[in-house]
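Novice: My structure is stored as structure_22.tsv, with TSV, C-alpha atoms.
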chain	number	residue	atom	x	y	z
A	586	MET	CA	-47.25	-15.22	11.07
A	587	LEU	CA	-49.04	-17.98	12.92
A	588	SER	CA	-50.66	-15.53	15.35
A	589	ASP	CA	-52.17	-13.59	12.43
A	590	ASN	CA	-53.49	-16.75	10.80
A	591	LEU	CA	-55.03	-17.90	14.08
A	592	MET	CA	-56.88	-14.59	14.17
A	593	TRP	CA	-58.08	-15.34	10.61
A	594	ARG	CA	-59.39	-18.84	11.39
A	595	TYR	CA	-62.63	-19.66	13.12
A	596	ALA	CA	-64.76	-22.75	13.65
A	597	THR	CA	-66.21	-22.93	10.16
A	598	LYS	CA	-69.93	-23.69	10.16
A	599	ARG	CA	-70.55	-24.13	6.42
A	600	TYR	CA	-68.14	-25.24	3.70
A	601	ASP	CA	-68.18	-24.52	-0.03
A	602	THR	CA	-68.88	-27.96	-1.52
A	603	THR	CA	-67.43	-26.96	-4.89
A	604	GLU	CA	-63.92	-26.47	-3.51
A	605	LYS	CA	-61.57	-29.25	-2.51
A	606	VAL	CA	-58.42	-29.04	-0.41
A	607	SER	CA	-55.33	-30.16	-2.35
A	608	GLU	CA	-53.67	-33.44	-1.46
A	609	GLU	CA	-50.47	-31.51	-0.75
A	610	ASP	CA	-52.20	-29.37	1.88
A	611	ILE	CA	-53.91	-32.40	3.42
A	612	GLN	CA	-50.63	-34.29	3.66
A	613	LYS	CA	-48.84	-31.33	5.26
A	614	ILE	CA	-51.64	-30.94	7.80
A	615	ILE	CA	-51.47	-34.65	8.65
A	616	GLU	CA	-47.69	-34.47	8.97
A	617	CYS	CA	-48.08	-31.76	11.60
A	618	GLY	CA	-50.31	-34.15	13.53
A	619	ARG	CA	-47.80	-36.96	13.17
A	620	TYR	CA	-44.92	-34.80	14.34
A	621	ALA	CA	-46.86	-33.23	17.20
A	622	PRO	CA	-45.28	-33.88	20.61
A	623	SER	CA	-46.66	-36.67	22.75
A	624	SER	CA	-45.74	-37.82	26.23
A	625	TYR	CA	-42.53	-39.90	26.00
A	626	GLY	CA	-43.05	-39.97	22.22
A	627	PHE	CA	-45.59	-42.80	22.36
A	628	GLU	CA	-47.89	-41.25	19.70
A	629	PRO	CA	-51.04	-42.90	21.10
A	630	TRP	CA	-53.17	-41.97	18.09
A	631	MET	CA	-54.26	-42.93	14.60
A	632	PHE	CA	-55.58	-40.56	11.93
A	633	TYR	CA	-58.29	-41.70	9.52
A	634	VAL	CA	-58.50	-39.32	6.56
A	635	VAL	CA	-61.92	-39.41	4.91
A	636	SER	CA	-62.63	-37.81	1.53
A	637	ASN	CA	-65.21	-40.36	0.31
A	638	GLN	CA	-68.57	-38.62	0.22
A	639	GLU	CA	-70.57	-41.77	0.96
A	640	VAL	CA	-68.54	-42.41	4.12
A	641	LYS	CA	-68.97	-38.79	5.20
A	642	GLU	CA	-72.73	-39.17	4.75
A	643	LYS	CA	-72.72	-42.32	6.88
A	644	ILE	CA	-70.80	-40.56	9.63
A	645	TYR	CA	-73.24	-37.64	9.50
A	646	ASN	CA	-76.21	-39.97	9.84
A	647	SER	CA	-74.68	-42.44	12.28
A	648	GLY	CA	-76.22	-43.11	15.63
A	649	TYR	CA	-78.93	-40.48	15.61
A	650	LYS	CA	-81.94	-42.76	15.21
A	651	LEU	CA	-81.87	-43.22	18.98
A	652	ALA	CA	-81.31	-39.54	19.74
A	653	PRO	CA	-84.22	-37.15	20.43
A	654	VAL	CA	-82.67	-34.54	18.13
A	655	LYS	CA	-80.06	-34.66	15.39
A	656	PHE	CA	-76.86	-32.68	15.90
A	657	SER	CA	-76.67	-29.93	13.30
A	658	GLN	CA	-73.25	-30.49	11.82
A	659	PRO	CA	-73.49	-29.93	8.05
A	660	GLN	CA	-69.69	-29.68	8.02
A	661	PHE	CA	-69.57	-33.49	8.04
A	662	THR	CA	-71.03	-33.72	4.54
A	663	GLU	CA	-69.98	-30.34	3.14
A	664	SER	CA	-66.30	-30.58	4.04
A	665	SER	CA	-63.62	-31.53	1.57
A	666	HIS	CA	-61.97	-33.91	4.05
A	667	MET	CA	-62.53	-35.26	7.55
A	668	ILE	CA	-59.75	-36.41	9.85
A	669	VAL	CA	-61.00	-38.78	12.51
A	670	ILE	CA	-58.48	-38.75	15.36
A	671	CYS	CA	-58.58	-42.04	17.25
A	672	ALA	CA	-57.02	-42.51	20.67
A	673	LYS	CA	-55.25	-45.66	21.79
A	674	HIS	CA	-56.91	-47.32	24.78
A	675	ARG	CA	-53.66	-48.05	26.59
A	676	VAL	CA	-49.91	-48.16	26.13
A	677	THR	CA	-48.35	-51.49	27.11
A	678	ARG	CA	-44.90	-53.00	27.60
A	679	ARG	CA	-45.26	-54.46	24.12
A	680	ASP	CA	-45.62	-50.92	22.77
A	681	VAL	CA	-42.49	-49.93	24.68
A	682	LYS	CA	-40.60	-52.81	23.06
A	683	LYS	CA	-41.70	-51.76	19.54
A	684	TYR	CA	-40.90	-48.13	20.28
A	685	LEU	CA	-37.37	-48.91	21.48
A	686	ARG	CA	-36.72	-51.10	18.45
A	687	LEU	CA	-37.80	-48.25	16.16
A	688	ILE	CA	-35.51	-45.78	17.96
A	689	ALA	CA	-32.57	-48.18	17.65
A	690	GLU	CA	-33.20	-48.65	13.92
A	691	GLU	CA	-33.72	-44.98	13.13
A	692	ARG	CA	-30.70	-43.78	15.13
A	693	ASN	CA	-28.49	-46.77	14.32
A	694	ILE	CA	-27.79	-47.58	17.95
A	695	THR	CA	-28.04	-50.75	20.02
A	696	LEU	CA	-31.07	-51.73	22.05
A	697	GLU	CA	-28.80	-52.23	25.05
A	698	SER	CA	-27.84	-48.55	24.99
A	699	LEU	CA	-31.53	-47.73	25.48
A	700	ASN	CA	-31.92	-49.75	28.69
A	701	PRO	CA	-32.00	-46.65	30.96
A	702	PHE	CA	-34.72	-45.14	28.76
A	703	LYS	CA	-36.55	-48.47	28.80
A	704	LYS	CA	-36.68	-48.40	32.59
A	705	SER	CA	-38.00	-44.84	32.60
A	706	LEU	CA	-40.74	-45.80	30.12
A	707	HIS	CA	-41.87	-48.74	32.22
A	708	MET	CA	-41.91	-46.50	35.28
A	709	ALA	CA	-43.94	-43.91	33.36
A	710	LEU	CA	-46.66	-46.46	32.62
A	711	ILE	CA	-46.83	-47.35	36.30
A	712	LEU	CA	-47.01	-43.70	37.32
A	713	VAL	CA	-49.83	-43.00	34.88
A	714	ARG	CA	-51.95	-45.68	36.53
A	715	LEU	CA	-50.99	-44.57	40.02
A	716	SER	CA	-51.89	-40.97	39.22
A	717	GLY	CA	-55.38	-42.20	38.42
A	718	LEU	CA	-55.54	-44.03	41.73
A	719	LEU	CA	-54.62	-40.83	43.58
A	720	LYS	CA	-57.48	-39.01	41.89
A	721	ASN	CA	-60.06	-41.71	42.37
A	722	PRO	CA	-59.75	-45.42	43.28
A	723	PHE	CA	-61.76	-46.34	40.19
A	724	ALA	CA	-59.51	-44.23	37.94
A	725	LEU	CA	-56.79	-46.84	38.27
A	726	PHE	CA	-58.41	-48.56	35.27
A	727	THR	CA	-59.32	-45.42	33.28
A	728	GLU	CA	-56.43	-43.00	33.70
A	729	MET	CA	-54.29	-44.67	31.02
A	730	ARG	CA	-57.02	-44.21	28.42
A	731	SER	CA	-57.63	-40.65	29.53
A	732	TRP	CA	-53.88	-39.97	29.27
A	733	CYS	CA	-53.83	-41.25	25.68
A	734	GLU	CA	-56.89	-39.19	24.78
A	735	ARG	CA	-55.27	-36.00	26.07
A	736	GLN	CA	-52.34	-36.53	23.73
A	737	CYS	CA	-54.75	-36.51	20.78
A	738	TYR	CA	-55.76	-32.94	21.51
A	739	VAL	CA	-52.13	-31.87	21.15
A	740	ALA	CA	-52.05	-33.39	17.66
A	741	LEU	CA	-55.38	-31.71	16.88
A	742	GLY	CA	-53.98	-28.32	17.88
A	743	PHE	CA	-50.98	-28.69	15.61
A	744	MET	CA	-53.18	-29.68	12.66
A	745	LEU	CA	-55.58	-26.80	13.24
A	746	ALA	CA	-52.62	-24.41	13.30
A	747	GLU	CA	-51.14	-25.83	10.09
A	748	ALA	CA	-54.52	-25.59	8.37
A	749	ALA	CA	-54.70	-21.92	9.35
A	750	GLU	CA	-51.17	-21.37	8.04
A	751	ARG	CA	-52.31	-22.77	4.68
A	752	LYS	CA	-55.53	-20.77	4.72
A	753	VAL	CA	-57.59	-23.96	4.88
A	754	ASP	CA	-60.72	-23.63	6.97
A	755	SER	CA	-61.39	-26.11	9.74
A	756	CYS	CA	-63.62	-27.10	12.62
A	757	ALA	CA	-63.22	-29.60	15.47
A	758	HIS	CA	-66.20	-31.78	16.41
A	759	GLU	CA	-67.05	-33.92	19.42
A	760	GLY	CA	-70.78	-34.36	18.69
A	761	PHE	CA	-70.79	-37.95	17.47
A	762	ILE	CA	-71.08	-41.47	18.83
A	763	PRO	CA	-67.55	-42.96	18.87
A	764	ASP	CA	-68.57	-46.61	18.54
A	765	HIS	CA	-70.72	-45.91	15.49
A	766	VAL	CA	-68.09	-43.81	13.75
A	767	GLY	CA	-65.45	-46.40	14.62
A	768	LYS	CA	-67.40	-49.12	12.82
A	769	ILE	CA	-67.89	-46.95	9.74
A	770	ILE	CA	-64.20	-46.16	9.32
A	771	GLY	CA	-63.03	-49.61	10.41
A	772	CYS	CA	-61.17	-48.27	13.43
A	773	LYS	CA	-58.32	-50.52	14.51
A	774	ASP	CA	-58.86	-52.65	17.62
A	775	GLY	CA	-57.54	-50.95	20.73
A	776	TYR	CA	-58.43	-47.47	19.45
A	777	SER	CA	-61.58	-45.33	19.56
A	778	PRO	CA	-62.57	-42.14	17.68
A	779	MET	CA	-61.86	-39.16	19.91
A	780	ILE	CA	-62.50	-36.08	17.83
A	781	ILE	CA	-63.25	-35.23	14.20
A	782	MET	CA	-61.58	-32.40	12.32
A	783	THR	CA	-63.31	-31.17	9.15
A	784	LEU	CA	-61.43	-29.27	6.47
A	785	GLY	CA	-62.48	-27.21	3.48
A	786	TYR	CA	-63.12	-23.64	2.44
A	787	ARG	CA	-65.72	-21.37	4.03
A	788	ALA	CA	-68.97	-20.93	2.15
A	789	GLU	CA	-70.34	-17.48	1.42
A	790	ASN	CA	-73.51	-18.30	3.36
A	791	ASP	CA	-71.60	-19.16	6.55
A	792	ILE	CA	-73.12	-16.78	9.06
A	793	SER	CA	-69.90	-16.82	11.09
A	794	ILE	CA	-67.91	-15.01	8.41
A	795	GLY	CA	-66.97	-11.55	9.65
A	796	TRP	CA	-67.82	-12.22	13.27
A	797	LYS	CA	-65.33	-10.58	15.60
A	798	LYS	CA	-63.22	-13.12	17.44
A	799	VAL	CA	-64.18	-13.17	21.11
A	800	ARG	CA	-61.72	-14.08	23.85
A	801	LYS	CA	-61.53	-13.35	27.56
A	802	ASP	CA	-59.38	-10.44	28.66
A	803	TYR	CA	-55.64	-11.20	28.85
A	804	ARG	CA	-55.69	-10.69	32.63
A	805	ASP	CA	-58.48	-13.24	33.04
A	806	THR	CA	-56.48	-16.08	31.52
A	807	VAL	CA	-52.80	-15.16	31.94
A	808	VAL	CA	-50.90	-14.80	35.21
A	809	GLU	CA	-47.37	-13.43	34.93
A	810	ILE	CA	-45.03	-14.51	37.70
A	811	LYS	CA	-41.88	-12.37	37.53
Reformat the file's structure so that it appears as structure tokens.

Specialist:
Amino acid sequence: MLSDNLMWRYATKRYDTTEKVSEEDIQKIIECGRYAPSSYGFEPWMFYVVSNQEVKEKIYNSGYKLAPVKFSQPQFTESSHMIVICAKHRVTRRDVKKYLRLIAEERNITLESLNPFKKSLHMALILVRLSGLLKNPFALFTEMRSWCERQCYVALGFMLAEAAERKVDSCAHEGFIPDHVGKIIGCKDGYSPMIIMTLGYRAENDISIGWKKVRKDYRDTVVEIK
């Protein structure tokens, strides 16, 4: 069961460099990211799957010449694969047009029949910006990007869960400089790296193996309203 496998998984600190995750497992994990839910189905993400060791080394070493200390993330080079999840900067009316055309093609329906949905999508984009304005006047220009970034964490969660289901170890990382990583992977214009997921198999010298999973008490995080 998924709940049992989530108890099994942990944020892997060291990977066994002699073991590689199968292409089948990688593809299934990616598919779970692709089919993860996103607001209005916009899928404001791109996944860059890195298995090339030289590229992983570049990502590990990127951007730290200016930093006082180097982040200790050996997972970047020891992992079998890295998935760099990149968030779209903004969703536009052009994206709505492409999205509606895709729906019409996939479901064999007319674009005209989607006009009510089209109006709701355009309204959604307006409301996203207005919600930022209500939080902070300056957020009018940043809320759209923040909204897209939040969707990426949903995809991440689904991929972490699928990795656990397949007994593939994983770890999520935010300790990197997005612009530097984006240049290394050739990130598409209009997107920026948001989070990196490493995948592999736990090494015997990973000090985290066997640690008891620690979570707050049920009553500290769950409120039942009956």

Novice: Using all atoms listed in the file, which of the listed residues (A:Asn637, A:Ile670, A:Leu587, A:Glu663) sits closest to A:Gly618?

Specialist: A:Ile670

Novice: Which residues are close to A:Met667, i.e. within 12 Å by all atoms listed in the file, leaving aside same-chain residues fewer than 5 positions away? Reply as JSON, numbers by chain.

Specialist: {"A": [605, 606, 611, 614, 615, 632, 633, 634, 635, 636, 637, 638, 640, 641, 642, 644, 645, 660, 661, 662, 754, 755, 756, 757, 758, 766, 770, 780, 781, 782, 783, 784, 785]}

Novice: Would you mind reading off the distance between atom CA of A:Gln736 and atom CA of A:Ala621, one decimal, in Å?

Specialist: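 Interatomic distance, atom CA of A:Gln736 to atom CA of A:Ala621: 9.1 Å.
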
Novice: Tell me which protein, DNA and RNA residues are within 9 Å of A:Lys598, counting only C-alpha atoms, leaving out same-chain ones fewer than 2 positions away, and put them as a PyMOL selection string.

Specialist: chain A and resi 595-596+600+658-660+755-756+787-788+791-793

Novice: How big is the axis-aligned box, and where does its centre sit, when it encloses all atoms of stretch 608-626 of chain A listed in the file and has 8 Å added on every side, reported in Å to one decimal as lines of an AutoDock Vina configuration file?

Specialist:
center_x = -48.2
center_y = -34.7
center_z = 12.4
size_x = 27.4
size_y = 26.6
size_z = 43.7

Novice: Could you tell me how far atom CA of A:Leu741 sits from atom CA of A:Lys798, in Å to one decimal place?

Specialist: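 Pair atom CA of A:Lys798 / atom CA of A:Leu741 returns 20.2 Å.
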
Novice: Take atom CA of A:Leu706 and atom CA of A:Ser623 and report the distance between them in Å, one decimal.

Specialist: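 A separation of 13.1 Å between them.
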
Novice: Nearest to A:Gly775 among A:Arg619, A:Arg800, A:Arg599, A:Arg675, with distances taken over all atoms listed in the file: which residue is it?

Specialist: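 Using all atoms listed in the file, A:Gly775 sits closest to A:Arg675.
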
Novice: Under the rule that only C-alpha atoms are counted, which of A:Tyr803, A:Trp796, A:Phe743, A:Trp732 is the nearest residue to A:Ser624?

Specialist: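 Of A:Tyr803, A:Trp796, A:Phe743, A:Trp732, the one nearest A:Ser624, counting only C-alpha atoms, is A:Trp732.
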
Novice: Please determine, counting all atoms listed in the file, which residue among A:Lys682, A:His765, A:His674, A:Arg714 has the shortest atom-to-atom distance to A:Phe702.

Specialist: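 Closest to A:Phe702, using all atoms listed in the file: A:Lys682.
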
Novice: From the list A:Lys673, A:His707, A:Glu616, A:Asp601, which residue is nearest A:Asp774 when using all atoms listed in the file?

Specialist: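 For A:Asp774, the nearest of the candidates is A:Lys673.
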
Novice: Only all heavy atoms, as a PDB file, in the first residue's frame: that is what I want for stretch 789-804 of chain A.

Specialist:
ATOM      1  N   GLU A 789      24.812   1.870   1.468  1.00  0.00           N
ATOM      2  CA  GLU A 789      24.938   1.261   2.789  1.00  0.00           C
ATOM      3  C   GLU A 789      25.506   2.237   3.809  1.00  0.00           C
ATOM      4  O   GLU A 789      25.250   2.110   5.004  1.00  0.00           O
ATOM      5  CB  GLU A 789      25.823   0.015   2.713  1.00  0.00           C
ATOM      6  CG  GLU A 789      25.196  -1.142   1.938  1.00  0.00           C
ATOM      7  CD  GLU A 789      26.067  -2.379   1.941  1.00  0.00           C
ATOM      8  OE1 GLU A 789      27.172  -2.323   2.555  1.00  0.00           O
ATOM      9  OE2 GLU A 789      25.675  -3.394   1.343  1.00  0.00           O
ATOM     10  N   ASN A 790      26.280   3.227   3.339  1.00  0.00           N
ATOM     11  CA  ASN A 790      26.883   4.185   4.272  1.00  0.00           C
ATOM     12  C   ASN A 790      26.022   5.413   4.505  1.00  0.00           C
ATOM     13  O   ASN A 790      26.473   6.395   5.096  1.00  0.00           O
ATOM     14  CB  ASN A 790      28.268   4.607   3.775  1.00  0.00           C
ATOM     15  CG  ASN A 790      28.204   5.397   2.470  1.00  0.00           C
ATOM     16  OD1 ASN A 790      27.222   5.308   1.735  1.00  0.00           O
ATOM     17  ND2 ASN A 790      29.256   6.141   2.173  1.00  0.00           N
ATOM     18  N   ASP A 791      24.763   5.373   4.041  1.00  0.00           N
ATOM     19  CA  ASP A 791      23.839   6.480   4.301  1.00  0.00           C
ATOM     20  C   ASP A 791      23.445   6.431   5.776  1.00  0.00           C
ATOM     21  O   ASP A 791      22.794   5.496   6.226  1.00  0.00           O
ATOM     22  CB  ASP A 791      22.595   6.351   3.414  1.00  0.00           C
ATOM     23  CG  ASP A 791      21.678   7.568   3.507  1.00  0.00           C
ATOM     24  OD1 ASP A 791      21.815   8.342   4.485  1.00  0.00           O
ATOM     25  OD2 ASP A 791      20.837   7.748   2.621  1.00  0.00           O
ATOM     26  N   ILE A 792      23.844   7.454   6.504  1.00  0.00           N
ATOM     27  CA  ILE A 792      23.608   7.443   7.951  1.00  0.00           C
ATOM     28  C   ILE A 792      22.122   7.495   8.301  1.00  0.00           C
ATOM     29  O   ILE A 792      21.737   7.202   9.433  1.00  0.00           O
ATOM     30  CB  ILE A 792      24.330   8.620   8.647  1.00  0.00           C
ATOM     31  CG1 ILE A 792      23.801   9.965   8.111  1.00  0.00           C
ATOM     32  CG2 ILE A 792      25.827   8.521   8.451  1.00  0.00           C
ATOM     33  CD1 ILE A 792      24.327  11.160   8.893  1.00  0.00           C
ATOM     34  N   SER A 793      21.289   7.871   7.320  1.00  0.00           N
ATOM     35  CA  SER A 793      19.853   7.988   7.594  1.00  0.00           C
ATOM     36  C   SER A 793      19.124   6.648   7.580  1.00  0.00           C
ATOM     37  O   SER A 793      17.978   6.565   8.015  1.00  0.00           O
ATOM     38  CB  SER A 793      19.197   8.914   6.565  1.00  0.00           C
ATOM     39  OG  SER A 793      19.790  10.193   6.596  1.00  0.00           O
ATOM     40  N   ILE A 794      19.777   5.625   7.064  1.00  0.00           N
ATOM     41  CA  ILE A 794      19.133   4.308   7.025  1.00  0.00           C
ATOM     42  C   ILE A 794      18.816   3.854   8.449  1.00  0.00           C
ATOM     43  O   ILE A 794      19.664   3.882   9.337  1.00  0.00           O
ATOM     44  CB  ILE A 794      20.034   3.263   6.342  1.00  0.00           C
ATOM     45  CG1 ILE A 794      20.168   3.566   4.847  1.00  0.00           C
ATOM     46  CG2 ILE A 794      19.460   1.859   6.517  1.00  0.00           C
ATOM     47  CD1 ILE A 794      21.039   2.588   4.095  1.00  0.00           C
ATOM     48  N   GLY A 795      17.584   3.438   8.657  1.00  0.00           N
ATOM     49  CA  GLY A 795      17.211   2.917   9.979  1.00  0.00           C
ATOM     50  C   GLY A 795      16.712   3.974  10.938  1.00  0.00           C
ATOM     51  O   GLY A 795      16.218   3.639  12.020  1.00  0.00           O
ATOM     52  N   TRP A 796      16.844   5.254  10.548  1.00  0.00           N
ATOM     53  CA  TRP A 796      16.326   6.285  11.445  1.00  0.00           C
ATOM     54  C   TRP A 796      14.799   6.179  11.513  1.00  0.00           C
ATOM     55  O   TRP A 796      14.135   5.963  10.500  1.00  0.00           O
ATOM     56  CB  TRP A 796      16.681   7.675  10.926  1.00  0.00           C
ATOM     57  CG  TRP A 796      18.107   8.078  11.185  1.00  0.00           C
ATOM     58  CD1 TRP A 796      19.080   7.347  11.774  1.00  0.00           C
ATOM     59  CD2 TRP A 796      18.705   9.333  10.807  1.00  0.00           C
ATOM     60  NE1 TRP A 796      20.254   8.041  11.811  1.00  0.00           N
ATOM     61  CE2 TRP A 796      20.055   9.270  11.230  1.00  0.00           C
ATOM     62  CE3 TRP A 796      18.243  10.476  10.182  1.00  0.00           C
ATOM     63  CZ2 TRP A 796      20.941  10.328  11.027  1.00  0.00           C
ATOM     64  CZ3 TRP A 796      19.119  11.525   9.979  1.00  0.00           C
ATOM     65  CH2 TRP A 796      20.454  11.445  10.407  1.00  0.00           C
ATOM     66  N   LYS A 797      14.262   6.329  12.695  1.00  0.00           N
ATOM     67  CA  LYS A 797      12.816   6.301  12.853  1.00  0.00           C
ATOM     68  C   LYS A 797      12.219   7.547  12.230  1.00  0.00           C
ATOM     69  O   LYS A 797      12.715   8.659  12.427  1.00  0.00           O
ATOM     70  CB  LYS A 797      12.446   6.226  14.340  1.00  0.00           C
ATOM     71  CG  LYS A 797      10.951   6.105  14.592  1.00  0.00           C
ATOM     72  CD  LYS A 797      10.651   5.966  16.077  1.00  0.00           C
ATOM     73  CE  LYS A 797       9.154   5.846  16.320  1.00  0.00           C
ATOM     74  NZ  LYS A 797       8.832   5.707  17.762  1.00  0.00           N
ATOM     75  N   LYS A 798      11.150   7.364  11.476  1.00  0.00           N
ATOM     76  CA  LYS A 798      10.489   8.510  10.850  1.00  0.00           C
ATOM     77  C   LYS A 798       9.836   9.374  11.923  1.00  0.00           C
ATOM     78  O   LYS A 798       9.143   8.854  12.809  1.00  0.00           O
ATOM     79  CB  LYS A 798       9.438   8.041   9.831  1.00  0.00           C
ATOM     80  CG  LYS A 798       8.875   9.173   8.969  1.00  0.00           C
ATOM     81  CD  LYS A 798       7.917   8.643   7.928  1.00  0.00           C
ATOM     82  CE  LYS A 798       8.628   7.913   6.811  1.00  0.00           C
ATOM     83  NZ  LYS A 798       9.454   8.826   5.972  1.00  0.00           N
ATOM     84  N   VAL A 799      10.078  10.662  11.851  1.00  0.00           N
ATOM     85  CA  VAL A 799       9.577  11.586  12.871  1.00  0.00           C
ATOM     86  C   VAL A 799       8.519  12.502  12.257  1.00  0.00           C
ATOM     87  O   VAL A 799       8.754  13.166  11.242  1.00  0.00           O
ATOM     88  CB  VAL A 799      10.719  12.442  13.460  1.00  0.00           C
ATOM     89  CG1 VAL A 799      10.161  13.434  14.478  1.00  0.00           C
ATOM     90  CG2 VAL A 799      11.778  11.549  14.097  1.00  0.00           C
ATOM     91  N   ARG A 800       7.350  12.517  12.858  1.00  0.00           N
ATOM     92  CA  ARG A 800       6.283  13.412  12.449  1.00  0.00           C
ATOM     93  C   ARG A 800       5.585  13.967  13.690  1.00  0.00           C
ATOM     94  O   ARG A 800       5.586  13.323  14.747  1.00  0.00           O
ATOM     95  CB  ARG A 800       5.246  12.689  11.575  1.00  0.00           C
ATOM     96  CG  ARG A 800       5.754  12.281  10.192  1.00  0.00           C
ATOM     97  CD  ARG A 800       6.018  13.514   9.337  1.00  0.00           C
ATOM     98  NE  ARG A 800       6.384  13.160   7.960  1.00  0.00           N
ATOM     99  CZ  ARG A 800       7.619  12.877   7.548  1.00  0.00           C
ATOM    100  NH1 ARG A 800       8.616  12.902   8.428  1.00  0.00           N
ATOM    101  NH2 ARG A 800       7.861  12.577   6.291  1.00  0.00           N
ATOM    102  N   LYS A 801       4.994  15.133  13.562  1.00  0.00           N
ATOM    103  CA  LYS A 801       4.237  15.698  14.667  1.00  0.00           C
ATOM    104  C   LYS A 801       3.075  14.779  15.028  1.00  0.00           C
ATOM    105  O   LYS A 801       2.635  13.962  14.221  1.00  0.00           O
ATOM    106  CB  LYS A 801       3.695  17.081  14.299  1.00  0.00           C
ATOM    107  CG  LYS A 801       4.757  18.148  14.097  1.00  0.00           C
ATOM    108  CD  LYS A 801       4.104  19.471  13.714  1.00  0.00           C
ATOM    109  CE  LYS A 801       5.145  20.564  13.501  1.00  0.00           C
ATOM    110  NZ  LYS A 801       4.518  21.852  13.106  1.00  0.00           N
ATOM    111  N   ASP A 802       2.571  14.937  16.220  1.00  0.00           N
ATOM    112  CA  ASP A 802       1.420  14.156  16.648  1.00  0.00           C
ATOM    113  C   ASP A 802       0.222  14.460  15.750  1.00  0.00           C
ATOM    114  O   ASP A 802       0.061  15.587  15.256  1.00  0.00           O
ATOM    115  CB  ASP A 802       1.071  14.499  18.103  1.00  0.00           C
ATOM    116  CG  ASP A 802      -0.036  13.624  18.652  1.00  0.00           C
ATOM    117  OD1 ASP A 802       0.258  12.482  19.040  1.00  0.00           O
ATOM    118  OD2 ASP A 802      -1.199  14.091  18.683  1.00  0.00           O
ATOM    119  N   TYR A 803      -0.603  13.462  15.520  1.00  0.00           N
ATOM    120  CA  TYR A 803      -1.798  13.586  14.671  1.00  0.00           C
ATOM    121  C   TYR A 803      -2.618  14.815  15.062  1.00  0.00           C
ATOM    122  O   TYR A 803      -3.055  15.591  14.201  1.00  0.00           O
ATOM    123  CB  TYR A 803      -2.634  12.312  14.817  1.00  0.00           C
ATOM    124  CG  TYR A 803      -3.909  12.279  14.004  1.00  0.00           C
ATOM    125  CD1 TYR A 803      -3.926  11.730  12.723  1.00  0.00           C
ATOM    126  CD2 TYR A 803      -5.105  12.777  14.513  1.00  0.00           C
ATOM    127  CE1 TYR A 803      -5.096  11.682  11.968  1.00  0.00           C
ATOM    128  CE2 TYR A 803      -6.278  12.742  13.767  1.00  0.00           C
ATOM    129  CZ  TYR A 803      -6.269  12.193  12.496  1.00  0.00           C
ATOM    130  OH  TYR A 803      -7.426  12.153  11.765  1.00  0.00           O
ATOM    131  N   ARG A 804      -2.797  15.023  16.362  1.00  0.00           N
ATOM    132  CA  ARG A 804      -3.635  16.125  16.834  1.00  0.00           C
ATOM    133  C   ARG A 804      -3.007  17.499  16.600  1.00  0.00           C
ATOM    134  O   ARG A 804      -3.699  18.517  16.653  1.00  0.00           O
ATOM    135  CB  ARG A 804      -3.940  15.933  18.323  1.00  0.00           C
ATOM    136  CG  ARG A 804      -4.833  14.728  18.615  1.00  0.00           C
ATOM    137  CD  ARG A 804      -4.863  14.407  20.082  1.00  0.00           C
ATOM    138  NE  ARG A 804      -3.534  13.994  20.562  1.00  0.00           N
ATOM    139  CZ  ARG A 804      -3.270  13.614  21.812  1.00  0.00           C
ATOM    140  NH1 ARG A 804      -4.248  13.624  22.717  1.00  0.00           N
ATOM    141  NH2 ARG A 804      -2.060  13.245  22.153  1.00  0.00           N
TER     142      ARG A 804
END
